[in-house]
Amino acid sequence: MDGRDLVRAVAELGTARGRGAWRSAWRHRRADAVGLPRRGAERARVPGLLTGTEPRPGGGVLRFARSELLVRVTAGGAVFWSWDGAEPTPSYAVTGGGPEPDPRAALEADTGGGWRVVSERVTVAVSRHGAVEVRTPGGTVLRRELPPRWWEPVGPEGDEVAVAGYGDGGAAGDEEAVAGDALADAVGSVAGRRREARWLSRAEVPADARFFGLGGRAAGPRLRDGTYRLWNTDPKGGFGPGDDPLYITMPVQMVVADAGTHLVFHDNTWDGRVVLREGEEGAGSGPDRPGTSELRMEGGPLRCWVLVGTPARVLQGWSGLTGAAAVPPEWALGYQHARWGFGSAAEVRRVVSGYRERGLALSAVHLDIDHYDGHRVFTVDEEKFPDLPGLAEELRGQGVRLVSIVDPAVKAGDPVHAAGLEVGAHGAFVRDAQGREVRGEVWPGECAYPDFTDPAVREWWGGLYGERLARGFSGVWHDMNEPVSFAPFGDATLPRSARHVLEGAGGDHRAAHNVYALGMARAGWEGLVRLRPDERPFLFSRSGWAGMQRYGGTWSGDVETGWEGLRASLALVLGLGLCGVPYSGPDVGGFGGSPSPELYLRWLQLGSFLPLFRTHSAIWAGRREPWEFGPEVAEHARAVLAERERLRPYFVTLAHLARRTGAPYVRPLWWGAPEDRALRDCEDAFLLGDALLVAPVLECGADRRAIRLPRGRWYDTVTGVAYEGPGQVLLDAPRGRIPVLARAGAVLPVRSGGGVGLEVWAPARGRTGGGVVIRDPGPGFGAGEVERYAVRWAGDEVLVETEAGAPAEGVTVRGL
């Protein structure tokens, strides 16, 4: 607790909620004192020397003096390995039983006394001390995982043992591993050790490699040297680039180097820390210093997936492993307005009328906790919103949907809580180690928390969304689901000793915390599908974990109002996309505070090219309606919202492509050329699909933008001027717009004359182009038909043809 937290905590003693938070925090601390095992003496363990092997489909088991390693290459080229008997499933991230092993991959002897598994796309080599290398088919090492190390509780007859040092993979490191191994005895069963043992795994990557991912990181998208925590956290107020961790943390890294790209996922839900150090290339004849990624986990299994290839291939494999991304309804790809503090149905009508009267496009309005009765979930303040279904129907007639917030905390003693007590044999709510219901302090007061790791609870909770649908809501957004329990000190969440079902395996909050929101999203998604099987749900969640894309998307959370918050907004969307979560966006304008007209407009311009395009603000913050910033901003905003509407068919195509291929809507500039080092270091611009390059203005007072171009010809979509990449250009960025460039030969579906037309940008002479279009298949789960178009020159004319060779209809060619 720093000084500001101390002052705030003392001040909160004067409020009922503050006193409740103090009581809750003390209860949680006492619960952990009783319910968590004390860490006493521990011994260190390393694998030791290789003693034998057992071939299995796709690889095999390698037995070491103290551990065993399972290595498997799957049919799709993904690599899986695990220590001490951990299997790919059960897993909260991996769908089904995981991919089948590659029948052509086999375990065979390697040089130096080790073994290897060779497949078409990747080779995995294991040294005699347990180091694991992932190599390209040509033999280049993409990643080298050094032998892991565990710290285990000492048994009744054991002695605490320390290993001096941790090997770097060379001869000295191997000798240290052997020496340490000679000091320790086998302790307990493999299964018993795995849950409680802390462990460390250290990897080396090429010196030129860059790190991305790890969930939503405000300091990204490129992750610099530093420590990144794996514990979903509400940062308590607005956050900026210096704040970490945030709401969504994932042990998922994308590593990009000259030698190739790979994604690594350590499938472990426990608290942990990742320490990253970029490498250094040797000057002259000096040696390179490899980059390093060190993962320290507080428990749980040591199991790992690695996928290699181009960025597109890697994320397609990741999507196949963890599940295809949900496609939002077509209307959810338009502009949406939210506010904590609408206060009444009359205020909602006033705001919607303001948009309509000024000709500003609007797709949805979001209601925050102030529309609840006493902040209690699945209720409505009937005095302020006397006919919510009527309001929803009225707005829907104007093309505007209502979206509801849903929090997980249930006020103790209310009807939802009473109903939850009847679920299953022990009720729906999380309990402590003594079997008592865990209570926390949240907006409604003292609350209980549904255990979303219990299938029966998920089914019950999903059924409650029928109340939201009956009120006229068309979608939901999950908030406060890290989960949060207000606390003036300590961790603002549930006690770590709290007990969870964990799909029948049982365990405590140390294992359940990071997947709590994932379980809530699953409950809501599956419930909405059951209730309305003919409509794709609209659901997005503040917190989550690997695989959350199956149930919708996310948003930035409470990003601070300021230019730093604007930059963090882009970092979050790019980083989450590289972790497999393609649908996300920020609170345009920031959550708290009052943005200047310039900042608001620049944020609106950025948001209009991101998947989730939503303004949102706190009850104490300034307004976010465009006209509140003056007539000039309102006029520019009209153009911004109109362009988003024009491009909405393109966003529909990107949404369906994300589901089919795993490719995010928003991509880093190096997406198609990861070998381009200059692009790898560019963080202030992005690709929207394959067709557009967007360069937002992220600095106060700027009216020009330097832009690094990928290879090829690019057209300024406003002036039509062509630029050749690779290279850097300087473009005008007046207050009314940001630079947006179209790739030569691109095909964009756009709104035109009440339908969908094709905007085609001419390829360079002697070159061709093309693209795909997927039209909205309706509100259901249809995949949408893929239309493929080819673009070529024929004399002085640009021809656009369908896959069958017929001329395309509704085409506008630009860039001639």
# chains A, B, ... in the order shown; residues from 1 in each chain; ligands from 1

call {"tool": "residues_around", "arguments": {"residues": "segment 471-482 of chain A", "least_positions_apart": "4", "cutoff": "6 Å", "atoms": "only C-alpha atoms", "output": "VMD selection string"}}
result
chain A and resid 232 388 to 389 392 402 to 407 517 538 to 543

call {"tool": "closest_atom_pairs", "arguments": {"of": "segment 545-627 of chain A", "to": "segment 212-223 of chain A", "cutoff": "6 Å", "atoms": "only C-alpha atoms", "output": "JSON lines"}}
result
{"residue": "A:Ala568", "atom": "CA", "partner": "A:Ala218", "partner_atom": "CA", "distance": 4.7}
{"residue": "A:Ala571", "atom": "CA", "partner": "A:Pro221", "partner_atom": "CA", "distance": 4.7}
{"residue": "A:Leu572", "atom": "CA", "partner": "A:Gly216", "partner_atom": "CA", "distance": 5.1}
{"residue": "A:Gly575", "atom": "CA", "partner": "A:Gly213", "partner_atom": "CA", "distance": 4.9}
{"residue": "A:Leu576", "atom": "CA", "partner": "A:Gly215", "partner_atom": "CA", "distance": 5.4}
{"residue": "A:Leu578", "atom": "CA", "partner": "A:Gly213", "partner_atom": "CA", "distance": 5.9}
{"residue": "A:Cys579", "atom": "CA", "partner": "A:Gly213", "partner_atom": "CA", "distance": 5.7}

call {"tool": "write_last_selection", "arguments": {"atoms": "C-alpha atoms", "output": "compact mmCIF listing (two decimals), in the first residue's frame"}}
result
# COMPACT_ATOMS: atom_id res chain seq x y z
CA ALA A 568 -2.26 2.63 -24.51
CA ALA A 571 -1.26 -1.05 -27.69
CA LEU A 572 -4.01 -3.07 -26.00
CA GLY A 575 -1.48 -7.04 -28.27
CA LEU A 576 -4.79 -8.78 -27.67
CA LEU A 578 -1.80 -11.32 -31.34
CA CYS A 579 -3.11 -13.43 -28.44

call {"tool": "atom_distance", "arguments": {"atom1": "atom CA of Arg27 of chain A", "atom2": "atom CA of Arg510 of chain A"}}
result
17.2 Å

call {"tool": "residues_around", "arguments": {"residues": "Leu748 of chain A", "least_positions_apart": "6", "cutoff": "7 Å", "atoms": "only C-alpha atoms", "output": "ChimeraX atom specification"}}
result
/A:650,758-760

call {"tool": "closest_residue", "arguments": {"among": "A:Gly466, A:Gly445, A:Gly323, A:Gly272", "to": "Gly299 of chain A", "atoms": "only C-alpha atoms"}}
result
A:Gly272

call {"tool": "select_by_dssp", "arguments": {"residues": "segment 670-716 of chain A", "states": "strand (DSSP E)", "output": "PyMOL selection string"}}
result
chain A and resi 686-688+692-694+704-716
